[in-house]
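Shown next, in structure tokens, is the structure this report addresses.
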Amino acid sequence: MPRVAADRQDHAASARARLVEALVATGHEDREAFRTVYRLTSAKLFGICLRICGDRQDAEDVLHDVYVIVWRRAGAFEPGRASPITWLATIARNRAIDWQRGRTRHPADPIDDAALALPDPTQVPVDRLVDEETVARLQACLGTLETRQREAIRIAFFDGVRYPEIARRLTLPLGTVKSWVHRGLARLRTCLDGDH
């Protein structure tokens with residue numbers, strides 16, 4: 001492997017490890033760790049919010065909500081289940097979509113062509129971006145799951161909720177929830193592998 005590629009992989013792994021450590025510490029209400037999470041991820045999450053909201057001020061408001069959610073839910077983050085940036089990006093995306101749905105009663109002003117031509121100052125290095133193609137494939141594969149599997153996976157991975165809480169919310173036995181998630185993940189893996 002060329003040296004530059006190896007250095008890039010080492011840097012990405014180091015950044016991911018710092019973010020995991022900071023998220024776990026944030027789950028224990030460590031404010032300094034929370035500042036680190038913000039510093040490492042705010043540009044990326046702001047970009048997600050801005051793309052969905054279409055307005056800087058609205059995106060900033062949504063981003064604030066995102067970090068309130070992150071502060072409250074960081075204790076539910078499980079490093080072995082999802083990458084930290086994927087977990088955070090999902091929270092940002094879901095919150096921005098919720099905000100957008102709430103605005104459907106008030107149509108947004110059309111964006112002029114000049115605004116669309118402006119460069120995005122929130123761009124971050126490629127190795128820190130969530131691969132949008134992969135996200136699109138994941139969404140498509142999620143759509144192929146049974147509703148109960150999809151819902152259990154969404155709650156577990158996108159909302160960061162642990163199995164016992166999912167079982168309580170869905171008023172189901174813990175083993176049933178685990179089984180749905182396990183079978184759903186197996187189907188997702190098959191679907192994603194089949195797309196290659």
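Residue numbers start at 1 in each chain; chains themselves are named A, B, ... in the order of the structure tokens; ligands are numbered from 1 in the order shown.
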### Message
If DSSP is run on the backbone, what residues of range 24-113 of chain A are alpha helix (DSSP H)? A reply as number ranges by chain would be ideal.
### Response
A: 24-26, 31-53, 56-73, 84-103, 113
I want to know what sits within 12 Å of range 28-44 of chain A, based on only C-alpha atoms, with residues of the same chain fewer than 2 positions away left out; could you give that as a PDB file with C-alpha atoms, in the first residue's frame?
ATOM      1  CA  ALA A  15      -9.808  10.666  14.217  1.00  0.00           C
ATOM      2  CA  ARG A  16     -12.472   7.961  14.523  1.00  0.00           C
ATOM      3  CA  ALA A  17     -10.924   6.700  17.778  1.00  0.00           C
ATOM      4  CA  ARG A  18     -10.840  10.250  19.230  1.00  0.00           C
ATOM      5  CA  LEU A  19     -14.472  10.734  18.291  1.00  0.00           C
ATOM      6  CA  VAL A  20     -15.528   7.403  19.813  1.00  0.00           C
ATOM      7  CA  GLU A  21     -13.665   8.260  23.015  1.00  0.00           C
ATOM      8  CA  ALA A  22     -15.242  11.722  23.163  1.00  0.00           C
ATOM      9  CA  LEU A  23     -18.754  10.357  22.515  1.00  0.00           C
ATOM     10  CA  VAL A  24     -18.426   7.717  25.216  1.00  0.00           C
ATOM     11  CA  ALA A  25     -17.157  10.347  27.682  1.00  0.00           C
ATOM     12  CA  THR A  26     -20.019  12.661  26.673  1.00  0.00           C
ATOM     13  CA  PHE A  46     -24.009  21.610   9.736  1.00  0.00           C
ATOM     14  CA  GLY A  47     -23.549  20.637   6.078  1.00  0.00           C
ATOM     15  CA  ILE A  48     -26.192  17.918   6.444  1.00  0.00           C
ATOM     16  CA  CYS A  49     -28.612  20.330   8.120  1.00  0.00           C
ATOM     17  CA  LEU A  50     -27.978  23.033   5.528  1.00  0.00           C
ATOM     18  CA  ARG A  51     -28.586  20.691   2.594  1.00  0.00           C
ATOM     19  CA  ALA A  59     -29.666  24.942   9.681  1.00  0.00           C
ATOM     20  CA  GLU A  60     -27.967  26.566  12.692  1.00  0.00           C
ATOM     21  CA  VAL A  62     -31.512  22.559  13.736  1.00  0.00           C
ATOM     22  CA  LEU A  63     -27.819  21.960  14.488  1.00  0.00           C
ATOM     23  CA  HIS A  64     -28.376  23.313  18.001  1.00  0.00           C
ATOM     24  CA  VAL A  66     -28.952  18.050  17.116  1.00  0.00           C
ATOM     25  CA  TYR A  67     -26.322  18.695  19.788  1.00  0.00           C
ATOM     26  CA  VAL A  68     -28.976  18.815  22.505  1.00  0.00           C
ATOM     27  CA  ILE A  69     -30.055  15.357  21.316  1.00  0.00           C
ATOM     28  CA  VAL A  70     -26.436  14.177  21.184  1.00  0.00           C
ATOM     29  CA  TRP A  71     -25.854  15.383  24.765  1.00  0.00           C
ATOM     30  CA  ARG A  72     -28.954  13.519  25.958  1.00  0.00           C
ATOM     31  CA  ARG A  73     -28.370  10.320  23.947  1.00  0.00           C
ATOM     32  CA  ALA A  74     -24.586   9.958  23.974  1.00  0.00           C
ATOM     33  CA  GLY A  75     -24.886   7.344  26.712  1.00  0.00           C
ATOM     34  CA  ALA A  76     -26.785   5.135  24.261  1.00  0.00           C
ATOM     35  CA  PHE A  77     -23.993   5.228  21.651  1.00  0.00           C
ATOM     36  CA  PRO A  84     -19.606   7.582  15.408  1.00  0.00           C
ATOM     37  CA  ILE A  85     -19.998   9.853  12.380  1.00  0.00           C
ATOM     38  CA  THR A  86     -22.751   7.652  10.968  1.00  0.00           C
ATOM     39  CA  TRP A  87     -24.583   7.730  14.322  1.00  0.00           C
ATOM     40  CA  LEU A  88     -24.246  11.526  14.530  1.00  0.00           C
ATOM     41  CA  ALA A  89     -25.088  12.111  10.862  1.00  0.00           C
ATOM     42  CA  THR A  90     -28.243  10.050  11.254  1.00  0.00           C
ATOM     43  CA  ALA A  92     -28.683  15.334  12.208  1.00  0.00           C
ATOM     44  CA  ARG A  93     -30.486  14.028   9.144  1.00  0.00           C
ATOM     45  CA  ASP A 120     -20.212  25.269   0.312  1.00  0.00           C
ATOM     46  CA  PRO A 121     -17.886  26.558   3.056  1.00  0.00           C
ATOM     47  CA  THR A 122     -18.771  23.593   5.239  1.00  0.00           C
ATOM     48  CA  GLN A 123     -17.017  21.066   2.998  1.00  0.00           C
ATOM     49  CA  VAL A 124     -14.694  18.772   4.926  1.00  0.00           C
ATOM     50  CA  PRO A 125     -12.054  16.298   3.712  1.00  0.00           C
ATOM     51  CA  VAL A 126     -13.435  13.323   1.821  1.00  0.00           C
ATOM     52  CA  ASP A 127     -12.227  10.819   4.411  1.00  0.00           C
ATOM     53  CA  ARG A 128     -14.562  12.427   6.966  1.00  0.00           C
ATOM     54  CA  LEU A 129     -17.670  12.445   4.805  1.00  0.00           C
ATOM     55  CA  VAL A 130     -20.306   9.792   5.018  1.00  0.00           C
TER      56      VAL A 130
END
I want to know what sits within 9 Å of Ile153 in chain A, based on only C-alpha atoms, with residues of the same chain fewer than 2 positions away left out; could you give that as a PyMOL selection string?
chain A and resi 142+148-151+155-158+180-182+184-185
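In terms of minimum interatomic distance to Asp159 in chain A, A:Glu78 ranks closest within A:Glu78, A:Asp58, A:Glu146, A:Asp193, counting only C-alpha atoms.
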**Prompt:** Which one of A:Thr176, A:Thr144, A:Gln57, A:Thr171 sits closest to Arg189 in chain A if you count only C-alpha atoms?
**Reply:**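 The answer is A:Thr144, which sits nearest to Arg189 in chain A.
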Which value, in Å to one decimal, gives the distance between CA of Gly160 in chain A and CA of Ile91 in chain A?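 These atoms are spaced 9.1 Å apart.
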Exercise for the section: May I have the residues within 10 Å of Leu192 in chain A as a list in words, using only C-alpha atoms and disregarding those fewer than 6 positions away in the same chain? Expected result: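 The filter keeps Thr134, Arg137, Leu138, Ala140, Cys141, Leu142 and Ala186 of chain A.
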All residues 8 Å or closer to Pro164 in chain A, only C-alpha atoms, same chain fewer than 3 positions away omitted, as a PDB file with N, CA and C atoms, in the first residue's frame:
ATOM      1  N   ALA A 167     -37.685  -3.090  23.451  1.00  0.00           N
ATOM      2  CA  ALA A 167     -38.698  -4.076  23.847  1.00  0.00           C
ATOM      3  C   ALA A 167     -39.807  -3.402  24.664  1.00  0.00           C
ATOM      4  N   ARG A 168     -39.421  -2.513  25.564  1.00  0.00           N
ATOM      5  CA  ARG A 168     -40.413  -1.810  26.381  1.00  0.00           C
ATOM      6  C   ARG A 168     -41.300  -0.932  25.494  1.00  0.00           C
ATOM      7  N   LEU A 174     -37.875  -9.207  24.951  1.00  0.00           N
ATOM      8  CA  LEU A 174     -36.532  -8.819  24.557  1.00  0.00           C
ATOM      9  C   LEU A 174     -35.985  -9.728  23.460  1.00  0.00           C
TER      10      LEU A 174
END
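For the set A:Gln100, A:Thr190, A:Ser83, A:Ser179, the residue with the smallest atom-to-atom gap to Ala13 in chain A is A:Ser83, counting only C-alpha atoms.
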